[in-house]
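What follows is the content of input.cif (mmCIF, C-alpha atoms).
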data_data
loop_
_atom_site.label_atom_id
_atom_site.label_comp_id
_atom_site.auth_asym_id
_atom_site.auth_seq_id
_atom_site.Cartn_x
_atom_site.Cartn_y
_atom_site.Cartn_z
CA ALA A 66 164.02 215.72 -81.84
CA GLN A 67 165.88 212.99 -79.97
CA HIS A 68 162.70 211.42 -78.58
CA LEU A 69 161.35 211.08 -82.13
CA ILE A 70 164.23 208.86 -83.25
CA PRO A 71 163.61 205.09 -83.08
CA SER A 72 165.95 203.25 -80.74
CA THR A 73 166.66 200.58 -83.36
CA PRO A 74 170.10 199.77 -84.85
CA ALA A 75 171.19 202.44 -87.26
CA GLU A 76 171.76 200.02 -90.11
CA SER A 77 168.12 198.90 -89.97
CA VAL A 78 166.58 202.39 -90.18
CA ARG A 79 166.61 203.86 -93.67
CA MET A 80 165.35 207.19 -94.90
CA PRO A 81 161.68 207.30 -95.98
CA MET A 82 160.96 206.92 -99.67
CA THR A 83 160.11 210.62 -99.99
CA VAL A 84 163.63 211.51 -98.91
CA GLN A 85 165.17 208.83 -101.09
CA TRP A 86 163.23 210.22 -104.04
CA PHE A 87 164.28 213.79 -103.40
CA TRP A 88 167.91 212.88 -102.72
CA PRO A 89 168.47 209.86 -105.01
CA GLU A 90 172.21 210.02 -104.46
CA TYR A 91 171.59 209.61 -100.69
CA SER A 92 169.19 206.65 -100.91
CA GLY A 93 171.83 204.36 -99.42
CA TRP A 94 172.12 206.42 -96.22
CA THR A 95 170.95 205.16 -92.89
CA VAL A 96 169.87 207.50 -90.11
CA ASN A 97 173.13 207.55 -88.17
CA SER A 98 175.67 206.34 -90.72
CA GLY A 99 175.93 209.26 -93.18
CA PRO A 100 176.29 208.81 -96.97
CA PRO A 101 178.10 205.82 -98.47
CA GLU A 102 181.70 206.29 -99.39
CA SER A 103 182.26 207.64 -102.89
CA ALA A 104 184.89 209.43 -104.87
CA HIS A 105 182.99 212.69 -104.36
CA HIS A 106 182.62 212.50 -100.51
CA GLY A 107 184.96 211.22 -97.82
CA ARG A 108 183.57 208.85 -95.19
CA ASN A 109 183.41 211.49 -92.43
CA ALA A 110 182.33 214.38 -94.59
CA GLY A 111 178.87 215.74 -95.32
CA PRO A 112 177.81 216.84 -98.79
CA SER A 113 180.02 219.88 -98.53
CA GLY A 114 183.05 217.70 -97.88
CA ARG A 115 184.02 219.85 -94.86
CA GLY A 116 183.89 217.12 -92.21
CA LYS A 117 180.75 218.35 -90.41
CA GLU A 118 178.73 215.82 -88.42
CA CYS A 119 175.09 214.90 -89.00
CA PRO A 120 172.16 214.89 -86.58
CA ALA A 121 169.67 212.09 -87.15
CA VAL A 122 167.33 214.03 -89.41
CA ALA A 123 169.70 216.50 -91.06
CA MET A 124 170.73 215.68 -94.62
CA VAL A 125 172.84 218.72 -95.44
CA GLY A 126 176.28 219.81 -94.26
CA CYS A 127 177.06 217.02 -91.77
CA GLY A 128 178.92 213.73 -91.27
CA THR A 129 178.84 211.02 -88.59
CA ASP A 130 180.91 211.98 -85.54
CA GLY A 131 180.83 214.98 -83.23
CA PRO A 132 178.18 217.61 -82.66
CA PRO A 133 175.66 218.49 -85.35
CA ALA A 134 176.18 221.59 -87.47
CA ARG A 135 173.77 223.88 -89.26
CA ALA A 136 173.55 223.77 -93.05
CA SER A 137 175.37 226.73 -94.62
CA SER A 138 174.80 228.43 -97.93
CA ARG A 139 177.82 226.52 -99.20
CA ASP A 140 176.11 223.28 -98.22
CA ILE A 141 172.99 224.29 -100.13
CA ARG A 142 175.13 225.07 -103.16
CA SER A 143 176.67 221.61 -102.90
CA LEU A 144 173.20 220.11 -102.84
CA MET A 145 172.31 222.13 -105.94
CA ASP A 146 175.47 220.82 -107.63
CA ILE A 147 174.47 217.25 -106.85
CA HIS A 148 171.23 217.78 -108.73
CA ARG A 149 173.13 219.57 -111.51
CA LEU A 150 171.00 222.74 -111.34
CA PRO A 151 172.21 225.69 -113.40
CA PRO A 152 173.87 228.22 -111.00
CA SER A 153 171.99 231.07 -112.66
CA ASN A 154 168.55 229.60 -111.98
CA ARG A 155 168.06 231.18 -108.55
CA ARG A 156 164.24 230.78 -108.56
CA ARG A 157 164.55 227.04 -109.10
CA ARG A 158 167.20 226.83 -106.38
CA ARG A 159 164.88 228.65 -103.99
CA ALA A 160 161.99 226.29 -104.81
CA ILE A 161 164.19 223.24 -104.26
CA ALA A 162 165.36 224.64 -100.93
CA GLN A 163 161.75 225.28 -99.83
CA VAL A 164 160.71 221.76 -100.78
CA SER A 165 163.75 220.46 -98.89
CA LEU A 166 162.59 222.22 -95.74
CA TRP A 167 159.04 220.93 -96.25
CA LEU A 168 160.26 217.36 -96.60
CA LEU A 169 162.39 217.76 -93.51
CA ALA A 170 159.32 218.94 -91.54
CA VAL A 171 157.31 215.97 -92.81
CA LEU A 172 160.11 213.63 -91.78
CA ILE A 173 160.26 215.05 -88.25
CA VAL A 174 156.47 215.03 -87.72
CA SER A 175 155.88 211.58 -89.18
CA TRP A 176 158.89 209.88 -87.59
CA PRO A 177 157.79 206.78 -85.61
CA ARG A 178 157.57 207.06 -81.86
CA SER A 179 160.43 205.59 -79.95
CA ALA A 180 160.35 201.96 -78.96
CA ALA A 181 160.40 203.08 -75.33
CA ALA A 182 157.15 205.03 -75.76
CA GLN A 183 155.53 202.20 -77.69
CA SER A 184 156.33 199.77 -74.91
CA ASP A 185 155.17 202.03 -72.06
CA PRO A 186 152.30 200.07 -70.38
CA ARG A 187 150.43 203.27 -69.55
CA GLU A 188 150.61 204.51 -73.15
CA ILE A 189 149.46 201.10 -74.38
CA ALA A 190 146.46 201.20 -72.02
CA PHE A 191 145.53 204.69 -73.22
CA ALA A 192 145.84 203.64 -76.87
CA LEU A 193 143.62 200.60 -76.38
CA GLU A 194 141.05 202.75 -74.56
CA ARG A 195 141.02 205.31 -77.38
CA GLU A 196 140.54 202.54 -79.94
CA GLY A 197 137.48 201.27 -78.08
CA LYS A 198 139.10 197.93 -77.20
CA ASN A 199 137.49 197.82 -73.79
CA ALA A 200 138.50 194.31 -72.72
CA GLU A 201 142.14 194.75 -73.77
CA ALA A 202 142.32 198.22 -72.25
CA GLU A 203 140.87 197.02 -68.96
CA ALA A 204 143.38 194.15 -68.82
CA ALA A 205 146.22 196.67 -69.38
CA TRP A 206 144.92 198.99 -66.65
CA ARG A 207 144.49 196.07 -64.25
CA LYS A 208 148.17 195.17 -64.71
CA LEU A 209 149.10 198.76 -63.91
CA GLU A 210 146.83 198.72 -60.87
CA ALA A 211 148.45 195.51 -59.61
CA ALA A 212 151.91 197.02 -60.09
CA SER A 213 150.95 200.27 -58.30
CA PRO A 214 148.03 199.74 -55.87
CA SER A 215 148.36 203.25 -54.44
CA ASN A 216 147.81 204.89 -57.86
CA ALA A 217 144.22 206.05 -58.44
CA GLU A 218 144.53 206.46 -62.21
CA PRO A 219 144.23 202.77 -63.22
CA LEU A 220 141.23 202.31 -60.93
CA ALA A 221 139.48 205.35 -62.42
CA HIS A 222 140.04 204.09 -65.96
CA ILE A 223 138.82 200.60 -65.11
CA GLY A 224 135.67 202.22 -63.72
CA LEU A 225 135.23 204.21 -66.93
CA LEU A 226 135.59 201.10 -69.07
CA GLU A 227 133.07 199.22 -66.93
CA ALA A 228 130.62 202.12 -67.27
CA ARG A 229 131.05 202.09 -71.06
CA GLN A 230 129.93 198.47 -70.98
CA GLU A 231 126.94 199.43 -68.77
CA HIS A 232 128.36 197.54 -65.78
CA TYR A 233 127.45 200.42 -63.52
CA ALA A 234 127.66 198.63 -60.17
CA THR A 235 131.19 197.45 -60.99
CA ALA A 236 132.09 200.93 -62.25
CA VAL A 237 130.93 202.42 -58.94
CA THR A 238 133.19 200.02 -57.02
CA PHE A 239 136.31 201.09 -58.93
CA TYR A 240 135.41 204.79 -58.86
CA ARG A 241 135.00 204.62 -55.09
CA LYS A 242 138.40 202.91 -54.69
CA ALA A 243 140.02 205.60 -56.84
CA LEU A 244 138.27 208.34 -54.88
CA ALA A 245 139.55 206.92 -51.60
CA ILE A 246 143.13 207.19 -52.91
CA ASP A 247 142.84 210.57 -54.68
CA PRO A 248 139.73 212.60 -53.73
CA SER A 249 140.88 215.54 -55.86
CA MET A 250 141.21 213.66 -59.17
CA PRO A 251 139.47 215.83 -61.83
CA GLY A 252 136.20 214.40 -63.13
CA LEU A 253 136.19 211.42 -60.79
CA ARG A 254 133.25 212.51 -58.62
CA LEU A 255 131.25 213.43 -61.71
CA ASN A 256 131.84 209.99 -63.24
CA LEU A 257 130.89 208.31 -59.96
CA GLY A 258 127.65 210.31 -59.80
CA LEU A 259 126.83 209.49 -63.42
CA ALA A 260 127.35 205.79 -62.76
CA TYR A 261 124.99 206.00 -59.77
CA PHE A 262 122.44 207.86 -61.92
CA LYS A 263 122.53 205.27 -64.70
CA ALA A 264 122.25 202.52 -62.10
CA GLY A 265 119.11 204.21 -60.72
CA ASP A 266 120.63 204.97 -57.32
CA TYR A 267 119.29 208.51 -57.19
CA ARG A 268 119.87 209.00 -53.47
CA GLU A 269 123.63 208.60 -53.98
CA VAL A 270 123.50 210.96 -56.96
CA ILE A 271 122.02 213.65 -54.73
CA ARG A 272 124.56 212.97 -51.98
CA ILE A 273 127.45 213.47 -54.42
CA PHE A 274 126.18 216.25 -56.67
CA GLU A 275 124.52 218.64 -54.19
CA PRO A 276 127.85 219.50 -52.43
CA MET A 277 129.56 219.83 -55.83
CA LEU A 278 126.94 222.28 -57.06
CA LYS A 279 127.06 224.32 -53.84
CA ALA A 280 130.85 224.46 -53.92
CA GLN A 281 130.96 225.62 -57.58
CA PRO A 282 127.59 227.12 -58.54
CA HIS A 283 128.95 228.66 -61.75
CA SER A 284 131.28 225.97 -63.11
CA ASP A 285 131.26 224.40 -66.57
CA GLU A 286 129.29 221.48 -65.12
CA THR A 287 126.59 223.58 -63.44
CA ASP A 288 123.87 222.90 -66.01
CA ARG A 289 124.56 219.18 -66.08
CA LEU A 290 124.60 218.87 -62.29
CA THR A 291 121.39 220.89 -62.04
CA LEU A 292 119.60 218.63 -64.52
CA LEU A 293 120.85 215.43 -62.88
CA LEU A 294 119.79 216.61 -59.43
CA GLY A 295 116.35 217.58 -60.71
CA MET A 296 115.86 214.24 -62.44
CA SER A 297 117.14 212.35 -59.39
CA HIS A 298 114.62 214.03 -57.08
CA TYR A 299 111.95 213.43 -59.73
CA GLY A 300 112.93 209.77 -59.93
CA LEU A 301 112.54 209.47 -56.18
CA GLY A 302 109.08 211.05 -56.31
CA GLU A 303 110.35 214.16 -54.53
CA TYR A 304 108.61 216.50 -56.93
CA ARG A 305 108.68 219.60 -54.77
CA ALA A 306 112.45 219.26 -54.38
CA ALA A 307 112.84 218.49 -58.08
CA THR A 308 110.95 221.53 -59.35
CA PRO A 309 113.55 224.28 -58.61
CA TYR A 310 116.30 222.26 -60.29
CA LEU A 311 114.10 221.48 -63.29
CA ILE A 312 113.14 225.16 -63.65
CA ARG A 313 116.82 226.14 -63.81
CA ALA A 314 117.67 223.25 -66.13
CA SER A 315 114.83 224.20 -68.46
CA ALA A 316 115.97 227.82 -68.50
CA ALA A 317 119.42 226.61 -69.60
CA ASP A 318 117.90 224.39 -72.34
CA PRO A 319 114.67 226.19 -73.31
CA GLN A 320 114.04 224.19 -76.51
CA ASN A 321 114.00 220.80 -74.76
CA LEU A 322 110.35 219.72 -74.94
CA THR A 323 110.87 216.53 -72.93
CA LEU A 324 112.45 218.51 -70.11
CA LEU A 325 109.59 221.04 -70.21
CA LEU A 326 107.07 218.23 -69.94
CA THR A 327 108.95 216.73 -66.97
CA LEU A 328 108.91 220.14 -65.31
CA ALA A 329 105.18 220.46 -65.98
CA HIS A 330 104.57 217.02 -64.43
CA SER A 331 106.55 217.97 -61.35
CA CYS A 332 104.59 221.20 -60.98
CA LEU A 333 101.29 219.45 -61.63
CA LEU A 334 101.96 216.76 -59.03
CA THR A 335 102.74 219.43 -56.43
CA ARG A 336 99.78 221.60 -57.48
CA GLN A 337 101.98 224.48 -58.61
CA TYR A 338 99.51 225.48 -61.31
CA PRO A 339 101.16 228.75 -62.43
CA CYS A 340 104.26 226.69 -63.20
CA VAL A 341 102.12 224.22 -65.19
CA ILE A 342 100.53 227.02 -67.22
CA ASP A 343 103.91 228.60 -67.91
CA ALA A 344 105.32 225.26 -69.09
CA TYR A 345 102.29 224.70 -71.32
CA HIS A 346 102.66 228.10 -73.00
CA ARG A 347 106.36 227.49 -73.56
CA ILE A 348 105.66 224.10 -75.13
CA VAL A 349 103.01 225.56 -77.46
CA ALA A 350 105.36 228.41 -78.41
CA ILE A 351 107.94 225.86 -79.54
CA ASN A 352 105.47 223.61 -81.34
CA ALA A 353 101.77 224.42 -81.42
CA GLU A 354 100.99 220.88 -82.61
CA SER A 355 103.26 219.17 -80.09
CA ALA A 356 102.24 215.93 -78.45
CA GLU A 357 103.76 217.25 -75.22
CA ALA A 358 101.24 220.09 -75.01
CA ASP A 359 98.33 217.73 -75.58
CA MET A 360 99.67 215.34 -72.96
CA LEU A 361 100.08 218.16 -70.46
CA VAL A 362 96.48 219.32 -70.94
CA GLY A 363 95.33 215.71 -70.70
CA GLU A 364 97.11 215.22 -67.39
CA ALA A 365 95.68 218.46 -66.04
CA LEU A 366 92.19 217.37 -67.02
CA ASP A 367 92.75 213.98 -65.41
CA ALA A 368 93.81 215.73 -62.19
CA MET A 369 90.54 217.67 -62.40
CA LYS A 370 88.63 214.32 -62.69
CA ASP A 371 87.69 215.00 -66.33
CA SER A 372 88.69 211.59 -67.71
CA ASP A 373 86.81 211.98 -71.01
CA GLY A 374 88.59 215.25 -71.71
CA ALA A 375 91.91 213.69 -70.72
CA ILE A 376 91.37 210.77 -73.12
CA ARG A 377 90.52 213.23 -75.89
CA GLU A 378 93.76 215.15 -75.35
CA PHE A 379 95.87 211.97 -75.23
CA ARG A 380 94.31 210.75 -78.47
CA ALA A 381 95.34 214.05 -80.02
CA ALA A 382 98.85 213.56 -78.65
CA VAL A 383 99.06 210.07 -80.20
CA ALA A 384 97.94 211.50 -83.54
CA ALA A 385 100.54 214.29 -83.29
CA ASP A 386 103.49 212.02 -82.45
CA PRO A 387 102.98 208.28 -81.89
CA LYS A 388 106.67 207.93 -80.93
CA GLU A 389 106.50 210.41 -78.04
CA PRO A 390 107.63 208.66 -74.82
CA ASN A 391 104.70 207.74 -72.53
CA VAL A 392 102.02 208.91 -74.96
CA HIS A 393 100.60 205.43 -75.55
CA PHE A 394 101.01 204.48 -71.90
CA GLY A 395 99.15 207.61 -70.78
CA LEU A 396 96.25 206.89 -73.10
CA GLY A 397 96.27 203.21 -72.17
CA TYR A 398 96.19 204.04 -68.47
CA LEU A 399 93.20 206.34 -68.92
CA LEU A 400 91.39 203.65 -70.89
CA TRP A 401 92.31 201.09 -68.23
CA THR A 402 90.74 203.28 -65.53
CA LYS A 403 87.56 203.30 -67.66
CA LYS A 404 87.77 199.45 -67.84
CA GLN A 405 88.22 199.56 -71.62
CA TYR A 406 90.78 196.76 -71.39
CA ALA A 407 90.92 195.65 -75.02
CA GLU A 408 91.76 199.13 -76.30
CA ALA A 409 94.06 199.73 -73.35
CA MET A 410 96.01 196.59 -74.31
CA GLN A 411 96.64 198.01 -77.77
CA GLU A 412 98.08 201.20 -76.29
CA PHE A 413 100.32 199.36 -73.82
CA GLN A 414 101.61 197.17 -76.65
CA ALA A 415 102.30 200.27 -78.75
CA GLU A 416 104.23 201.80 -75.84
CA LEU A 417 106.30 198.62 -75.50
CA ALA A 418 107.03 198.74 -79.23
CA ASN A 419 108.57 202.19 -78.63
CA ASN A 420 110.23 201.21 -75.35
CA PRO A 421 110.53 197.42 -74.82
CA GLY A 422 111.92 197.77 -71.31
CA TYR A 423 109.06 199.89 -69.90
CA THR A 424 108.05 197.92 -66.80
CA ASN A 425 104.84 199.82 -66.06
CA ALA A 426 103.53 199.17 -69.55
CA GLN A 427 104.28 195.46 -69.13
CA GLN A 428 102.46 195.35 -65.79
CA TYR A 429 99.33 197.12 -67.02
CA LEU A 430 99.31 195.07 -70.22
CA ALA A 431 99.41 191.87 -68.16
CA ASP A 432 96.65 193.14 -65.88
CA SER A 433 94.48 194.01 -68.88
CA MET A 434 95.02 190.50 -70.23
CA LEU A 435 93.97 189.00 -66.90
CA HIS A 436 90.76 191.04 -66.99
CA LEU A 437 90.07 189.56 -70.42
CA ASP A 438 90.91 186.00 -69.21
CA GLN A 439 94.06 185.84 -71.32
CA ILE A 440 96.02 184.17 -68.52
CA ASP A 441 98.52 182.31 -70.69
CA GLN A 442 99.53 185.54 -72.45
CA ALA A 443 99.74 187.48 -69.19
CA GLN A 444 101.92 185.00 -67.28
CA PRO A 445 105.22 185.63 -69.16
CA LEU A 446 104.80 189.39 -68.68
CA LEU A 447 104.16 189.00 -64.97
#
Could you quickly redo this structure as structure tokens?
Amino acid sequence: AQHLIPSTPAESVRMPMTVQWFWPEYSGWTVNSGPPESAHHGRNAGPSGRGKECPAVAMVGCGTDGPPARASSRDIRSLMDIHRLPPSNRRRRRAIAQVSLWLLAVLIVSWPRSAAAQSDPREIAFALEREGKNAEAEAAWRKLEAASPSNAEPLAHIGLLEARQEHYATAVTFYRKALAIDPSMPGLRLNLGLAYFKAGDYREVIRIFEPMLKAQPHSDETDRLTLLLGMSHYGLGEYRAATPYLIRASAADPQNLTLLLTLAHSCLLTRQYPCVIDAYHRIVAINAESAEADMLVGEALDAMKDSDGAIREFRAAVAADPKEPNVHFGLGYLLWTKKQYAEAMQEFQAELANNPGYTNAQQYLADSMLHLDQIDQAQPLL
């Protein structure tokens, strides 16, 4: 227990109140000084008066100098005498001894960390990071990085803190520096790929994650890598490449309606109609009244040049779930193609209410305004 003992002067470290309460006669002890002198105990004697020395957390059968000794039954009897317990009350003695051991365990577990550990810059950086103090934690890691430029750990943690603050480009820079120093650091490539994904750099995501998935096709990260690769190809418009990944990702998460709809889109855009039908049936099996199913049918009808049927299905989707991503945009787009600009505007505005950063909805809303000669309202959007 040496590393649990504070490295402060002995006279300034007193026993916790719980110990002082349980051993009122010992409340004047300090950690390394032993009990105060009294007529009952000599200065270098423990409670038993036999001259045994005391480790920092032992309160029974020990003094101040020399190696620590274990508490004996005689020591326990001395402790019982101090509390004036009747010798015949063995059950009470046993209870007191058990409580003594419990208090000793509490003392050891709750003892403050050493001053050396508290002043360790690395431990301080970790503590700040755990507490969510991103700016302070980053400053601490930057000091460590300056002191040890060949150490990848500070760079990796700075990258993580930048990513937490959504500074993905900066996070990528630090992750890459860390990777150049230690390519085998656990989790580093995954974090780099995630930063690229959140930054929208899907080509780099594919470059990083495809070799990882091939090298470990059955790791704990397989499902995540599969999903991210599928969504990256989808984001690049590479729907045929995205479809196999999305099929596997959907099989791993079969209740994810949004993922099923993305898979159906990918299949629809590559004219893989059996895949579209399968996705539709799976969506309906999960929720027969789902907006996703209505949207999927609407998109299929639009691909078949049945715009009226597509609008009908998207209206049903809006009625089923007006908060479904893209549902208002899809209906607005179909109305826009029919030159029904006023109603299309309402749908684009509803989509932006659900997702204020949706660029496509902003563009089509502005275009609809221009068609209705609302130039002043369209200009800020453009």
Find the residues near Leu322 (chain A): any atom within 9 Å, counting all atoms listed in the file, skip ones fewer than 3 places away on the same chain, and give them as a VMD selection string.
chain A and resid 319 325 to 327 347 to 348 351 to 352 355 357
Judged by only C-alpha atoms, the minimum distance to Leu257 (chain A) among A:Val237, A:Leu361, A:Ala245, A:Ala314 is found for A:Val237
Taking the file as shown, what set of residues would the PyMOL selection byres ((chain A and resi 277-293) around 10) give back, as a count of residues only?
31
Shell around region 183-194 of chain A at 10 Å using all atoms listed in the file, local window under 5 positions removed, as a VMD selection string
chain A and resid 177 to 178 199 to 209 218 to 219 222 to 223 225 to 226
Between CA of Asp266 (chain A) and CA of Pro421 (chain A), what is the distance, to one decimal in Å?
21.6 Å
Name every residue that the PyMOL selection byres ((chain A and resi 365) around 12) selects in this structure, writing the answer as a ChimeraX atom specification with chains first and numbers rising.
/A:329-338,341-342,345,358-364,366-372,374-376,378-379
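CA of Lys403 (chain A) is positioned 13.3 Å from CA of Tyr429 (chain A).
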Tell me which of A:Thr424, A:His436, A:Leu417, A:Pro390 sits closest to Gln405 (chain A), counting only C-alpha atoms.
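Smallest separation from Gln405 (chain A) among the options: A:His436.
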Name every residue that the PyMOL selection byres ((chain A and resi 400) around 12) selects in this structure, writing the answer as a PDB file with C-alpha atoms, in the frame of the given file with chains first and numbers rising.
ATOM      1  CA  ASP A 367      92.750 213.980 -65.410  1.00  0.00           C
ATOM      2  CA  SER A 372      88.690 211.590 -67.710  1.00  0.00           C
ATOM      3  CA  ASP A 373      86.810 211.980 -71.010  1.00  0.00           C
ATOM      4  CA  GLY A 374      88.590 215.250 -71.710  1.00  0.00           C
ATOM      5  CA  ALA A 375      91.910 213.690 -70.720  1.00  0.00           C
ATOM      6  CA  ILE A 376      91.370 210.770 -73.120  1.00  0.00           C
ATOM      7  CA  ARG A 377      90.520 213.230 -75.890  1.00  0.00           C
ATOM      8  CA  PHE A 379      95.870 211.970 -75.230  1.00  0.00           C
ATOM      9  CA  ARG A 380      94.310 210.750 -78.470  1.00  0.00           C
ATOM     10  CA  HIS A 393     100.600 205.430 -75.550  1.00  0.00           C
ATOM     11  CA  PHE A 394     101.010 204.480 -71.900  1.00  0.00           C
ATOM     12  CA  GLY A 395      99.150 207.610 -70.780  1.00  0.00           C
ATOM     13  CA  LEU A 396      96.250 206.890 -73.100  1.00  0.00           C
ATOM     14  CA  GLY A 397      96.270 203.210 -72.170  1.00  0.00           C
ATOM     15  CA  TYR A 398      96.190 204.040 -68.470  1.00  0.00           C
ATOM     16  CA  LEU A 399      93.200 206.340 -68.920  1.00  0.00           C
ATOM     17  CA  TRP A 401      92.310 201.090 -68.230  1.00  0.00           C
ATOM     18  CA  THR A 402      90.740 203.280 -65.530  1.00  0.00           C
ATOM     19  CA  LYS A 403      87.560 203.300 -67.660  1.00  0.00           C
ATOM     20  CA  LYS A 404      87.770 199.450 -67.840  1.00  0.00           C
ATOM     21  CA  GLN A 405      88.220 199.560 -71.620  1.00  0.00           C
ATOM     22  CA  TYR A 406      90.780 196.760 -71.390  1.00  0.00           C
ATOM     23  CA  ALA A 407      90.920 195.650 -75.020  1.00  0.00           C
ATOM     24  CA  GLU A 408      91.760 199.130 -76.300  1.00  0.00           C
ATOM     25  CA  ALA A 409      94.060 199.730 -73.350  1.00  0.00           C
ATOM     26  CA  MET A 410      96.010 196.590 -74.310  1.00  0.00           C
ATOM     27  CA  GLN A 411      96.640 198.010 -77.770  1.00  0.00           C
ATOM     28  CA  GLU A 412      98.080 201.200 -76.290  1.00  0.00           C
ATOM     29  CA  PHE A 413     100.320 199.360 -73.820  1.00  0.00           C
ATOM     30  CA  TYR A 429      99.330 197.120 -67.020  1.00  0.00           C
ATOM     31  CA  LEU A 430      99.310 195.070 -70.220  1.00  0.00           C
ATOM     32  CA  SER A 433      94.480 194.010 -68.880  1.00  0.00           C
TER      33      SER A 433
END
So, with all atoms listed in the file as the atoms that count, which of A:Ala217, A:Ala426, A:Gly265, A:Tyr304 lies closest to Ala234 (chain A)?
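Checking each candidate against Ala234 (chain A), we get A:Gly265 as the closest.
Restricting the calculation to all atoms listed in the file, the smallest distance between Gly224 (chain A) and any of A:Ala260, A:Leu435, A:Met250, A:Ala212 is found for A:Ala260.
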Tell me, in Å to one decimal, how far CA of Ala385 (chain A) is from CA of Ala415 (chain A).
14.8 Å
List as a list in words the protein and nucleic acid residues near Leu253 (chain A), meaning an atom at most 9 Å away when all atoms listed in the file are counted, but skip any in the same chain fewer than 5 places from it.
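In the requested format, the answer is Ala221, Tyr240, Arg241, Ala243, Leu244, Pro248 and Gly258 of chain A.
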